[in-house]
>>> print(open('entry.json').read())   # JSON, C-alpha atoms and all ligand atoms
[["chain", "number", "residue", "atom", "x", "y", "z"],
["A", 1178, "MET", "CA", 26.60, -29.82, -30.97],
["A", 1179, "SER", "CA", 24.36, -32.16, -29.01],
["A", 1180, "ALA", "CA", 21.95, -31.03, -26.34],
["A", 1181, "GLY", "CA", 24.18, -32.66, -23.73],
["A", 1182, "VAL", "CA", 27.19, -30.67, -24.87],
["A", 1183, "ARG", "CA", 25.15, -27.46, -24.97],
["A", 1184, "ALA", "CA", 23.93, -28.12, -21.43],
["A", 1185, "LEU", "CA", 27.52, -28.04, -20.17],
["A", 1186, "SER", "CA", 27.86, -24.43, -21.19],
["A", 1187, "SER", "CA", 24.37, -23.30, -20.25],
["A", 1188, "GLU", "CA", 24.71, -20.34, -17.86],
["A", 1189, "THR", "CA", 21.28, -19.95, -16.34],
["A", 1190, "GLU", "CA", 18.64, -22.24, -14.94],
["A", 1191, "ILE", "CA", 15.16, -21.72, -13.60],
["A", 1192, "ARG", "CA", 14.79, -23.32, -10.19],
["A", 1193, "LYS", "CA", 11.35, -24.01, -8.77],
["A", 1194, "GLU", "CA", 12.20, -22.75, -5.32],
["A", 1195, "LYS", "CA", 13.14, -19.39, -6.82],
["A", 1196, "LEU", "CA", 9.62, -18.79, -8.11],
["A", 1197, "ILE", "CA", 7.06, -16.95, -5.99],
["A", 1198, "GLU", "CA", 3.40, -17.64, -6.76],
["A", 1199, "PRO", "CA", 0.87, -14.78, -6.39],
["A", 1200, "ILE", "CA", -2.40, -15.79, -4.73],
["A", 1201, "PHE", "CA", -5.60, -13.68, -4.87],
["A", 1202, "LEU", "CA", -7.77, -14.16, -1.81],
["A", 1203, "LEU", "CA", -11.49, -13.72, -1.20],
["A", 1204, "ASP", "CA", -13.66, -13.73, 1.89],
["A", 1205, "GLY", "CA", -16.12, -16.58, 2.33],
["A", 1206, "GLU", "CA", -16.07, -20.27, 1.65],
["A", 1207, "ASN", "CA", -15.85, -22.58, -1.32],
["A", 1208, "LYS", "CA", -15.37, -19.73, -3.79],
["A", 1209, "THR", "CA", -13.28, -19.69, -6.94],
["A", 1210, "GLN", "CA", -13.62, -16.75, -9.33],
["A", 1211, "ASP", "CA", -12.07, -16.36, -12.75],
["A", 1212, "ILE", "CA", -10.16, -13.22, -13.64],
["A", 1213, "LEU", "CA", -11.09, -12.39, -17.20],
["A", 1214, "SER", "CA", -7.79, -10.82, -18.21],
["A", 1215, "MET", "CA", -5.67, -13.50, -16.49],
["A", 1216, "PRO", "CA", -6.70, -16.90, -17.81],
["A", 1217, "GLY", "CA", -5.63, -19.70, -15.46],
["A", 1218, "ILE", "CA", -5.48, -17.42, -12.39],
["A", 1219, "PHE", "CA", -8.30, -17.31, -9.84],
["A", 1220, "ARG", "CA", -9.48, -15.52, -6.74],
["A", 1221, "MET", "CA", -9.94, -18.09, -4.00],
["A", 1222, "SER", "CA", -11.56, -18.29, -0.59],
["A", 1223, "GLU", "CA", -9.60, -19.63, 2.37],
["A", 1224, "ASP", "CA", -10.50, -23.32, 1.99],
["A", 1225, "VAL", "CA", -9.76, -23.34, -1.75],
["A", 1226, "ALA", "CA", -6.50, -21.40, -1.31],
["A", 1227, "LEU", "CA", -5.35, -23.80, 1.38],
["A", 1228, "LYS", "CA", -5.73, -26.79, -0.95],
["A", 1229, "HIS", "CA", -4.20, -24.88, -3.83],
["A", 1230, "ILE", "CA", -1.12, -23.84, -1.86],
["A", 1231, "GLU", "CA", -0.74, -27.33, -0.46],
["A", 1232, "SER", "CA", -0.58, -28.71, -3.98],
["A", 1233, "SER", "CA", 1.82, -25.97, -5.15],
["A", 1234, "LEU", "CA", 4.12, -26.92, -2.26],
["A", 1235, "ARG", "CA", 3.99, -30.54, -3.40],
["A", 1236, "LEU", "CA", 4.98, -29.37, -6.88],
["A", 1237, "GLY", "CA", 8.03, -27.63, -5.44],
["A", 1238, "ILE", "CA", 6.99, -23.98, -5.08],
["A", 1239, "ARG", "CA", 7.87, -22.65, -1.64],
["A", 1240, "SER", "CA", 6.87, -19.02, -1.57],
["A", 1241, "PHE", "CA", 3.57, -17.24, -2.05],
["A", 1242, "ILE", "CA", 2.66, -13.58, -2.24],
["A", 1243, "LEU", "CA", -0.87, -12.95, -1.03],
["A", 1244, "PHE", "CA", -3.28, -10.25, -2.23],
["A", 1245, "PRO", "CA", -6.78, -9.60, -0.84],
["A", 1246, "ALA", "CA", -9.78, -8.81, -3.05],
["A", 1247, "VAL", "CA", -11.86, -6.72, -0.67],
["A", 1248, "GLU", "CA", -15.57, -6.03, -1.03],
["A", 1249, "GLU", "CA", -16.39, -2.44, -1.90],
["A", 1250, "SER", "CA", -18.47, -1.98, 1.27],
["A", 1251, "PHE", "CA", -15.40, -2.52, 3.48],
["A", 1252, "LYS", "CA", -13.37, 0.15, 1.73],
["A", 1253, "ASP", "CA", -12.94, 3.65, 3.16],
["A", 1254, "SER", "CA", -10.62, 6.59, 2.60],
["A", 1255, "GLU", "CA", -8.25, 5.50, 5.39],
["A", 1256, "GLY", "CA", -8.10, 1.81, 4.47],
["A", 1257, "SER", "CA", -9.06, 0.92, 8.03],
["A", 1258, "TYR", "CA", -10.21, -2.59, 7.11],
["A", 1259, "SER", "CA", -6.53, -3.45, 6.51],
["A", 1260, "TYR", "CA", -5.94, -3.87, 10.24],
["A", 1261, "SER", "CA", -9.49, -4.59, 11.43],
["A", 1262, "LYS", "CA", -10.08, -7.57, 13.72],
["A", 1263, "ASN", "CA", -12.54, -9.01, 11.17],
["A", 1264, "ASN", "CA", -10.16, -8.80, 8.23],
["A", 1265, "PHE", "CA", -10.36, -12.04, 6.25],
["A", 1266, "TYR", "CA", -6.87, -11.62, 4.76],
["A", 1267, "LEU", "CA", -5.31, -11.67, 8.24],
["A", 1268, "ARG", "CA", -7.45, -14.67, 9.16],
["A", 1269, "ILE", "CA", -6.26, -16.55, 6.08],
["A", 1270, "ILE", "CA", -2.59, -15.74, 6.84],
["A", 1271, "LYS", "CA", -3.12, -17.24, 10.30],
["A", 1272, "THR", "CA", -4.72, -20.38, 8.91],
["A", 1273, "LEU", "CA", -2.05, -20.87, 6.26],
["A", 1274, "LYS", "CA", 0.75, -20.44, 8.78],
["A", 1275, "ARG", "CA", -0.86, -22.95, 11.10],
["A", 1276, "GLU", "CA", -1.72, -25.56, 8.45],
["A", 1277, "LEU", "CA", 1.29, -25.14, 6.16],
["A", 1278, "PRO", "CA", 4.13, -23.79, 8.31],
["A", 1279, "GLU", "CA", 6.72, -24.60, 5.65],
["A", 1280, "ALA", "CA", 5.13, -22.20, 3.12],
["A", 1281, "VAL", "CA", 6.90, -18.83, 2.91],
["A", 1282, "LEU", "CA", 4.20, -16.17, 3.06],
["A", 1283, "ILE", "CA", 4.72, -12.68, 1.67],
["A", 1284, "SER", "CA", 2.13, -9.94, 2.19],
["A", 1285, "ASP", "CA", 1.05, -6.85, 0.33],
["A", 1286, "VAL", "CA", 1.42, -3.63, 2.28],
["A", 1287, "ALA", "CA", -0.44, -0.79, 0.57],
["A", 1288, "LEU", "CA", -3.79, 0.91, 0.86],
["A", 1289, "ASP", "CA", -5.20, 0.25, -2.61],
["A", 1290, "PRO", "CA", -7.07, -3.02, -1.87],
["A", 1291, "TYR", "CA", -8.81, -1.27, 1.05],
["A", 1292, "SER", "CA", -9.08, 2.28, -0.22],
["A", 1293, "SER", "CA", -12.32, 3.77, -1.53],
["A", 1294, "ASP", "CA", -10.08, 6.02, -3.65],
["A", 1295, "GLY", "CA", -8.19, 3.10, -5.18],
["A", 1296, "HIS", "CA", -4.84, 4.67, -4.31],
["A", 1297, "ASP", "CA", -1.93, 3.20, -2.38],
["A", 1298, "GLY", "CA", -1.97, 6.06, 0.12],
["A", 1299, "ILE", "CA", -4.45, 8.31, 1.90],
["A", 1300, "VAL", "CA", -5.86, 11.02, -0.35],
["A", 1301, "LYS", "CA", -6.45, 14.57, 0.90],
["A", 1302, "ASP", "CA", -7.57, 17.35, -1.45],
["A", 1303, "GLY", "CA", -6.69, 15.21, -4.44],
["A", 1304, "LYS", "CA", -3.16, 14.50, -3.21],
["A", 1305, "ILE", "CA", -1.55, 11.44, -1.64],
["A", 1306, "VAL", "CA", -0.36, 12.32, 1.86],
["A", 1307, "ASN", "CA", 2.83, 10.45, 2.58],
["A", 1308, "ASP", "CA", 3.27, 10.65, 6.34],
["A", 1309, "GLU", "CA", -0.34, 9.98, 7.34],
["A", 1310, "THR", "CA", -0.21, 6.94, 5.09],
["A", 1311, "LEU", "CA", 2.82, 5.59, 6.99],
["A", 1312, "ASP", "CA", 0.73, 5.37, 10.13],
["A", 1313, "VAL", "CA", -1.81, 3.08, 8.42],
["A", 1314, "LEU", "CA", 0.92, 1.03, 6.75],
["A", 1315, "GLY", "CA", 2.45, 0.51, 10.19],
["A", 1316, "LYS", "CA", -0.82, -0.74, 11.69],
["A", 1317, "MET", "CA", -1.43, -3.01, 8.71],
["A", 1318, "SER", "CA", 2.09, -4.43, 8.93],
["A", 1319, "LEU", "CA", 1.90, -5.18, 12.64],
["A", 1320, "ALA", "CA", -1.43, -6.93, 12.11],
["A", 1321, "GLN", "CA", 0.13, -9.04, 9.34],
["A", 1322, "ALA", "CA", 3.15, -9.83, 11.52],
["A", 1323, "GLU", "CA", 0.87, -10.89, 14.34],
["A", 1324, "ALA", "CA", -1.01, -13.15, 11.93],
["A", 1325, "GLY", "CA", 2.26, -14.90, 11.08],
["A", 1326, "ILE", "CA", 3.53, -13.40, 7.84],
["A", 1327, "ASP", "CA", 7.19, -14.20, 7.04],
["A", 1328, "ILE", "CA", 7.94, -11.27, 4.76],
["A", 1329, "LEU", "CA", 6.19, -7.91, 4.40],
["A", 1330, "GLY", "CA", 5.86, -6.61, 0.85],
["A", 1331, "PRO", "CA", 5.40, -2.84, 0.92],
["A", 1332, "SER", "CA", 4.15, -1.98, -2.58],
["A", 1333, "ASP", "CA", 2.82, 1.46, -1.67],
["A", 1334, "MET", "CA", 5.92, 3.52, -2.60],
["A", 1335, "MET", "CA", 5.57, 6.09, 0.19],
["A", 1336, "ASP", "CA", 8.86, 7.72, 1.15],
["A", 1337, "GLY", "CA", 10.54, 6.44, 4.30],
["A", 1338, "ARG", "CA", 8.25, 3.46, 4.70],
["A", 1339, "VAL", "CA", 10.92, 0.79, 4.98],
["A", 1340, "ALA", "CA", 12.55, 2.50, 7.99],
["A", 1341, "TYR", "CA", 9.14, 3.19, 9.48],
["A", 1342, "LEU", "CA", 8.01, -0.44, 9.16],
["A", 1343, "ARG", "CA", 11.35, -1.87, 10.32],
["A", 1344, "ASP", "CA", 11.19, 0.27, 13.42],
["A", 1345, "ALA", "CA", 7.57, -0.67, 14.10],
["A", 1346, "LEU", "CA", 8.37, -4.38, 13.69],
["A", 1347, "ASP", "CA", 11.44, -4.27, 15.92],
["A", 1348, "THR", "CA", 9.67, -2.30, 18.63],
["A", 1349, "ALA", "CA", 6.93, -4.92, 18.70],
["A", 1350, "ARG", "CA", 9.62, -7.64, 18.76],
["A", 1351, "PHE", "CA", 8.86, -8.98, 15.30],
["A", 1352, "THR", "CA", 12.57, -8.97, 14.53],
["A", 1353, "ASP", "CA", 12.30, -12.12, 12.38],
["A", 1354, "VAL", "CA", 9.81, -10.64, 9.94],
["A", 1355, "ALA", "CA", 11.67, -9.56, 6.80],
["A", 1356, "ILE", "CA", 10.91, -6.73, 4.39],
["A", 1357, "MET", "CA", 10.81, -7.20, 0.63],
["A", 1358, "SER", "CA", 10.71, -3.64, -0.59],
["A", 1359, "TYR", "CA", 9.22, -2.68, -3.92],
["A", 1360, "THR", "CA", 12.34, -0.59, -4.51],
["A", 1361, "ALA", "CA", 11.93, 0.27, -8.17],
["A", 1362, "LYS", "CA", 8.21, 0.15, -8.86],
["A", 1363, "TYR", "CA", 7.40, 1.96, -12.06],
["A", 1364, "ALA", "CA", 4.12, 3.66, -12.97],
["A", 1365, "SER", "CA", 3.20, 1.09, -15.59],
["A", 1366, "ALA", "CA", 0.54, 0.11, -18.09],
["A", 1367, "PHE", "CA", 1.38, -3.51, -17.33],
["A", 1368, "TYR", "CA", -0.62, -3.57, -14.05],
["A", 1369, "GLY", "CA", -4.00, -3.43, -15.81],
["A", 1370, "PRO", "CA", -5.15, -7.04, -15.29],
["A", 1371, "PHE", "CA", -4.09, -6.98, -11.61],
["A", 1372, "ARG", "CA", -6.35, -4.01, -10.98],
["A", 1373, "ASP", "CA", -9.17, -6.05, -12.53],
["A", 1374, "ALA", "CA", -8.30, -8.92, -10.21],
["A", 1375, "LEU", "CA", -8.62, -6.76, -7.11],
["A", 1376, "ASP", "CA", -11.05, -4.25, -8.54],
["A", 1377, "SER", "CA", -8.61, -1.61, -7.29],
["A", 1378, "LYS", "CA", -8.34, 0.86, -10.15],
["A", 1379, "PRO", "CA", -7.63, 4.44, -8.98],
["A", 1380, "LYS", "CA", -10.91, 6.38, -8.87],
["A", 1381, "PHE", "CA", -9.14, 9.48, -10.17],
["A", 1382, "GLY", "CA", -5.76, 10.29, -11.66],
["A", 1383, "ASP", "CA", -2.88, 7.86, -11.84],
["A", 1384, "LYS", "CA", -0.05, 6.69, -9.60],
["A", 1385, "LYS", "CA", 2.68, 8.78, -11.15],
["A", 1386, "THR", "CA", 3.24, 10.95, -8.10],
["A", 1387, "TYR", "CA", 4.47, 7.96, -6.09],
["A", 1388, "GLN", "CA", 5.50, 5.31, -8.61],
["A", 1389, "MET", "CA", 8.62, 5.75, -10.74],
["A", 1390, "ASP", "CA", 8.99, 7.20, -14.20],
["A", 1391, "ALA", "CA", 9.81, 4.62, -16.87],
["A", 1392, "ALA", "CA", 12.40, 7.02, -18.24],
["A", 1393, "ASN", "CA", 14.60, 6.71, -15.14],
["A", 1394, "ALA", "CA", 17.26, 4.16, -14.28],
["A", 1395, "ARG", "CA", 19.69, 6.03, -12.02],
["A", 1396, "GLU", "CA", 16.78, 6.94, -9.78],
["A", 1397, "ALA", "CA", 16.34, 3.21, -9.13],
["A", 1398, "LEU", "CA", 19.88, 3.11, -7.77],
["A", 1399, "ARG", "CA", 19.03, 6.01, -5.47],
["A", 1400, "GLU", "CA", 15.93, 4.17, -4.26],
["A", 1401, "ALA", "CA", 17.99, 1.04, -3.71],
["A", 1402, "ARG", "CA", 20.49, 2.94, -1.55],
["A", 1403, "LEU", "CA", 17.67, 4.40, 0.52],
["A", 1404, "ASP", "CA", 15.88, 1.07, 0.99],
["A", 1405, "THR", "CA", 19.12, -0.61, 1.96],
["A", 1406, "ALA", "CA", 19.95, 2.07, 4.52],
["A", 1407, "GLU", "CA", 16.40, 1.82, 5.87],
["A", 1408, "GLY", "CA", 16.75, -1.92, 6.47],
["A", 1409, "ALA", "CA", 15.21, -3.74, 3.50],
["A", 1410, "ASP", "CA", 16.07, -7.45, 3.20],
["A", 1411, "TYR", "CA", 15.19, -7.79, -0.51],
["A", 1412, "LEU", "CA", 15.02, -5.23, -3.31],
["A", 1413, "MET", "CA", 12.31, -5.62, -5.91],
["A", 1414, "VAL", "CA", 12.06, -4.42, -9.49],
["A", 1415, "LYS", "CA", 8.60, -4.19, -10.99],
["A", 1416, "PRO", "CA", 7.51, -4.74, -13.74],
["A", 1417, "ALA", "CA", 10.20, -7.13, -14.93],
["A", 1418, "LEU", "CA", 10.14, -7.59, -18.70],
["A", 1419, "ALA", "CA", 10.63, -3.98, -19.78],
["A", 1420, "TYR", "CA", 13.04, -3.37, -16.89],
["A", 1421, "LEU", "CA", 15.74, -6.00, -17.30],
["A", 1422, "ASP", "CA", 18.35, -3.24, -17.28],
["A", 1423, "ILE", "CA", 17.14, -2.17, -13.85],
["A", 1424, "ILE", "CA", 17.41, -5.73, -12.52],
["A", 1425, "TYR", "CA", 20.97, -5.87, -13.89],
["A", 1426, "ARG", "CA", 21.96, -2.51, -12.44],
["A", 1427, "LEU", "CA", 20.59, -3.25, -8.99],
["A", 1428, "LYS", "CA", 22.31, -6.61, -8.99],
["A", 1429, "GLU", "CA", 25.62, -4.95, -9.83],
["A", 1430, "ALA", "CA", 25.14, -2.17, -7.29],
["A", 1431, "SER", "CA", 23.83, -4.09, -4.30],
["A", 1432, "THR", "CA", 24.66, -7.16, -2.27],
["A", 1433, "LEU", "CA", 21.03, -7.66, -1.27],
["A", 1434, "PRO", "CA", 18.97, -10.31, -3.05],
["A", 1435, "ILE", "CA", 17.11, -8.91, -6.07],
["A", 1436, "VAL", "CA", 13.54, -9.97, -6.76],
["A", 1437, "CYS", "CA", 11.56, -9.03, -9.86],
["A", 1438, "TYR", "CA", 7.82, -9.04, -10.36],
["A", 1439, "ASN", "CA", 6.70, -10.51, -13.68],
["A", 1440, "VAL", "CA", 3.42, -8.61, -13.58],
["A", 1441, "SER", "CA", -0.12, -9.28, -14.70],
["A", 1442, "GLY", "CA", 0.13, -7.48, -18.05],
["A", 1443, "GLU", "CA", 3.22, -9.49, -19.00],
["A", 1444, "TYR", "CA", 1.32, -12.68, -18.23],
["A", 1445, "ALA", "CA", -1.79, -11.51, -20.09],
["A", 1446, "MET", "CA", 0.18, -10.65, -23.25],
["A", 1447, "VAL", "CA", 1.63, -14.14, -23.50],
["A", 1448, "LYS", "CA", -1.74, -15.74, -22.80],
["A", 1449, "ALA", "CA", -3.61, -13.57, -25.31],
["A", 1450, "ALA", "CA", -1.14, -13.93, -28.16],
["A", 1451, "GLY", "CA", -0.82, -17.63, -27.36],
["A", 1452, "ALA", "CA", -4.59, -18.11, -27.52],
["A", 1453, "LYS", "CA", -4.62, -16.52, -30.96],
["A", 1454, "GLY", "CA", -1.85, -18.82, -32.13],
["A", 1455, "TRP", "CA", 0.43, -15.84, -32.73],
["A", 1456, "ILE", "CA", 3.23, -17.03, -30.46],
["A", 1457, "ASP", "CA", 4.16, -20.26, -28.74],
["A", 1458, "PRO", "CA", 3.13, -19.38, -25.17],
["A", 1459, "THR", "CA", 5.20, -22.05, -23.45],
["A", 1460, "ARG", "CA", 8.43, -21.10, -25.16],
["A", 1461, "ALA", "CA", 7.71, -17.41, -24.68],
["A", 1462, "ARG", "CA", 7.11, -18.03, -20.98],
["A", 1463, "ASP", "CA", 10.33, -19.96, -20.47],
["A", 1464, "GLU", "CA", 12.33, -17.40, -22.43],
["A", 1465, "MET", "CA", 10.96, -14.62, -20.21],
["A", 1466, "LEU", "CA", 11.73, -16.50, -17.00],
["A", 1467, "LEU", "CA", 15.26, -17.23, -18.20],
["A", 1468, "ALA", "CA", 15.78, -13.56, -19.06],
["A", 1469, "PHE", "CA", 14.86, -12.52, -15.51],
["A", 1470, "PHE", "CA", 17.37, -14.88, -13.95],
["A", 1471, "ARG", "CA", 20.01, -14.10, -16.57],
["A", 1472, "SER", "CA", 19.61, -10.39, -15.78],
["A", 1473, "GLY", "CA", 20.41, -11.10, -12.16],
["A", 1474, "ALA", "CA", 17.14, -11.81, -10.36],
["A", 1475, "ASP", "CA", 17.56, -14.08, -7.34],
["A", 1476, "ALA", "CA", 13.84, -14.81, -7.24],
["A", 1477, "VAL", "CA", 10.89, -14.07, -9.52],
["A", 1478, "ILE", "CA", 7.27, -13.38, -8.62],
["A", 1479, "THR", "CA", 5.28, -14.81, -11.51],
["A", 1480, "TYR", "CA", 1.77, -15.92, -12.44],
["A", 1481, "PHE", "CA", 3.52, -18.59, -14.51],
["A", 1482, "ALA", "CA", 4.94, -20.29, -11.41],
["A", 1483, "ARG", "CA", 2.34, -22.98, -11.14],
["A", 1484, "GLU", "CA", 2.16, -23.91, -14.83],
["A", 1485, "PHE", "CA", 5.96, -23.85, -15.07],
["A", 1486, "VAL", "CA", 6.40, -26.45, -12.31],
["A", 1487, "GLN", "CA", 3.59, -28.56, -13.70],
["B", 1501, "LIG", "C1", -0.52, -2.16, -5.62],
["B", 1501, "LIG", "C2", 0.00, -3.31, -6.40],
["B", 1501, "LIG", "C3", -0.13, -3.41, -7.79],
["B", 1501, "LIG", "C4", 0.47, -4.63, -8.17],
["B", 1501, "LIG", "C5", 0.93, -5.25, -7.00],
["B", 1501, "LIG", "N1", 0.64, -4.40, -5.92],
["B", 1501, "LIG", "C6", -0.80, -2.55, -8.76],
["B", 1501, "LIG", "C7", -0.62, -1.08, -8.76],
["B", 1501, "LIG", "O1", 0.41, -0.55, -8.33],
["B", 1501, "LIG", "O2", -1.54, -0.44, -9.20],
["B", 1501, "LIG", "C8", 0.53, -5.11, -9.59],
["B", 1501, "LIG", "C9", 0.90, -6.50, -9.85],
["B", 1501, "LIG", "C10", 0.60, -6.99, -11.20],
["B", 1501, "LIG", "O3", 0.25, -6.23, -12.13],
["B", 1501, "LIG", "O4", 0.71, -8.20, -11.40],
["B", 1501, "LIG", "N2", -0.28, -2.05, -4.31]]
>>> encode(input="entry.json", output="structure tokens")
Amino acid sequence: MSAGVRALSSETEIRKEKLIEPIFLLDGENKTQDILSMPGIFRMSEDVALKHIESSLRLGIRSFILFPAVEESFKDSEGSYSYSKNNFYLRIIKTLKRELPEAVLISDVALDPYSSDGHDGIVKDGKIVNDETLDVLGKMSLAQAEAGIDILGPSDMMDGRVAYLRDALDTARFTDVAIMSYTAKYASAFYGPFRDALDSKPKFGDKKTYQMDAANAREALREARLDTAEGADYLMVKPALAYLDIIYRLKEASTLPIVCYNVSGEYAMVKAAGAKGWIDPTRARDEMLLAFFRSGADAVITYFAREFVQ
């Protein structure tokens, strides 16, 4: 059979506008920093990020998920820098929205980039305190909405946060700001390189008390029902590669759009084995991306976005 004939029966395609590019942001000017475990991905200051995003838009990517790399001296146990007037992340959101209004901007809502404990929530006596964390997440979210974010991305995994944030947004009349909930976020070894990128490793323990157990699939359905009832606009599965069954199940169970996060460790594996000549990194990349869409993802967050469209 010829390629043309095969194309007629091909079931899945990867569309550029369905890819979401992660962007790591730094304070300052004219700065680009390598991330050792993520070759080809950089931390960028505002001016560099602006040019980068402009060129990604020209290449056909429309959506960007933004993460701040915060200096250690701004971190505290309450993550108060997350909503501070001097916060560079909020400033960059404002600039991007003004200069590139057509770019879809997605935020990160969690304490870990700002927390001296390196956890997604406030820590008291060695435990993550859910409800006190919600208060900070609310302040952070309103600050991001004010700066012009299109979609909030709560990655913190506190219970009840989607309802809490939706209510806070609506009360402040940010009814147009959507919520992309990290619905099924698993406690995973595949986040390693990301924590290098943000220097946000937990200072003690792990995230198993608030992230999901890799052994569980039906629990993801429970989380999806809760997030939906609480007002989420998108449901996310993270990581993606080892959780294709979860993507499939959520797609079957829900009418909301399903997003998956092709995380840092999945990117690093392809890059590392590719560099050694052990796999063909381009084919491996495309096969992964296809698998996400075939499993039912409506959009994919991926560090491969930029190289794929190039
Ligand atoms: C934390 C957050 C993490 C990622 C996105 N948001 C890491 C974690 O939970 O420790 C990981 C993304 C990746 O590995 O690419 N709020």
>>> residues_near_point(input="entry.json", point="(14.6, -7.8, -0.5)", cutoff="6 Å", atoms="only C-alpha atoms", output="list in words")
Met1357, Ser1358, Ala1409, Asp1410, Tyr1411, Leu1412 and Pro1434 of chain A
>>> write_last_selection(input="entry.json", atoms="C-alpha atoms", output="compact mmCIF listing (two decimals), in the coordinates of the input")
# COMPACT_ATOMS: atom_id res chain seq x y z
CA MET A 1357 10.81 -7.20 0.63
CA SER A 1358 10.71 -3.64 -0.59
CA ALA A 1409 15.21 -3.74 3.50
CA ASP A 1410 16.07 -7.45 3.20
CA TYR A 1411 15.19 -7.79 -0.51
CA LEU A 1412 15.02 -5.23 -3.31
CA PRO A 1434 18.97 -10.31 -3.05
>>> residues_around(input="entry.json", residues="Leu1311 of chain A", least_positions_apart="4", cutoff="8 Å", atoms="all atoms listed in the file", output="tab-separated table (two decimals) with C-alpha atoms, keeping the file's coordinate frame")
chain	number	residue	atom	x	y	z
A	1307	ASN	CA	2.83	10.45	2.58
A	1315	GLY	CA	2.45	0.51	10.19
A	1335	MET	CA	5.57	6.09	0.19
A	1338	ARG	CA	8.25	3.46	4.70
A	1341	TYR	CA	9.14	3.19	9.48
>>> residues_near_point(input="entry.json", point="(4.4, -17.3, -10.5)", cutoff="6 Å", atoms="only C-alpha atoms", output="ChimeraX atom specification")
/A:1196-1199,1478-1482
>>> residues_around(input="entry.json", residues="Val1225 of chain A", least_positions_apart="4", cutoff="12 Å", atoms="all atoms listed in the file", output="MDAnalysis selection string")
chainID A and resid 1200:1210 1219:1221 1229:1232 1269 1273
>>> residues_around(input="entry.json", residues="Ala1355 of chain A", least_positions_apart="2", cutoff="12 Å", atoms="only C-alpha atoms", output="MDAnalysis selection string")
chainID A and resid 1281:1284 1318 1321:1322 1325:1331 1339 1342:1344 1346:1347 1351:1353 1357:1358 1408:1412
>>> residues_around(input="entry.json", residues="Lys1378 of chain A", least_positions_apart="6", cutoff="9 Å", atoms="all atoms listed in the file", output="PyMOL selection string")
chain A and resi 1289+1294-1296+1369+1372
>>> residues_near_ligand(input="entry.json", ligand="ligand LIG 1501 (chain B)", cutoff="9 Å", atoms="only C-alpha atoms and all ligand atoms", output="ChimeraX atom specification")
/A:1199,1244,1285-1290,1295-1297,1330-1334,1359,1362-1372,1377-1379,1383-1384,1388,1415-1416,1438-1444,1478-1480
>>> atom_distance(input="entry.json", atom1="atom CA of Ala1474 of chain A", atom2="atom CA of Ala1392 of chain A")
21.0 Å
>>> atom_distance(input="entry.json", atom1="atom CA of Lys1428 of chain A", atom2="atom CA of Asp1404 of chain A")
14.1 Å
>>> closest_residue(input="entry.json", among="A:Ser1292, A:Thr1459, A:Glu1248, A:Glu1429", to="Gln1487 of chain A", atoms="only C-alpha atoms")
A:Thr1459
>>> atom_distance(input="entry.json", atom1="atom CA of Pro1278 of chain A", atom2="atom CA of Leu1243 of chain A")
15.2 Å
>>> closest_residue(input="entry.json", among="A:Ile1305, A:Ile1299, A:Leu1267, A:Leu1314", to="Lys1385 of chain A", atoms="all atoms listed in the file")
A:Ile1305
>>> closest_residue(input="entry.json", among="A:Ser1254, A:Ser1179, A:Ser1240, A:Ser1187", to="Ala1476 of chain A", atoms="all atoms listed in the file")
A:Ser1240
>>> closest_residue(input="entry.json", among="A:Asp1373, A:Thr1360, A:Met1215, A:Arg1460", to="Val1436 of chain A", atoms="all atoms listed in the file")
A:Thr1360
>>> closest_residue(input="entry.json", among="A:Val1486, A:Ile1212, A:Cys1437, A:Leu1466", to="Arg1239 of chain A", atoms="all atoms listed in the file")
A:Val1486
>>> closest_residue(input="entry.json", among="A:Gly1256, A:Asp1312, A:Glu1194, A:Ala1246", to="Ala1280 of chain A", atoms="all atoms listed in the file")
A:Glu1194
>>> decode(input="entry.json", residues="segment 1197-1205 of chain A", atoms="N, CA and C atoms", output="compact mmCIF listing (two decimals), in the first residue's frame")
# COMPACT_ATOMS: atom_id res chain seq x y z
N ILE A 1197 0.84 22.63 23.70
CA ILE A 1197 1.05 23.73 24.65
C ILE A 1197 2.52 23.72 25.03
N GLU A 1198 3.19 24.84 24.84
CA GLU A 1198 4.64 24.90 25.11
C GLU A 1198 4.91 25.42 26.53
N PRO A 1199 5.65 24.67 27.36
CA PRO A 1199 6.03 25.17 28.68
C PRO A 1199 7.18 26.18 28.55
N ILE A 1200 7.09 27.24 29.35
CA ILE A 1200 8.10 28.29 29.33
C ILE A 1200 8.57 28.54 30.76
N PHE A 1201 9.88 28.44 31.00
CA PHE A 1201 10.45 28.72 32.32
C PHE A 1201 10.96 30.15 32.38
N LEU A 1202 10.48 30.90 33.35
CA LEU A 1202 10.78 32.33 33.40
C LEU A 1202 11.70 32.71 34.56
N LEU A 1203 12.52 33.72 34.29
CA LEU A 1203 13.49 34.22 35.26
C LEU A 1203 13.29 35.72 35.43
N ASP A 1204 13.69 36.23 36.57
CA ASP A 1204 13.71 37.67 36.77
C ASP A 1204 14.92 38.24 36.02
N GLY A 1205 14.90 39.54 35.76
CA GLY A 1205 16.07 40.18 35.17
C GLY A 1205 15.91 40.40 33.68
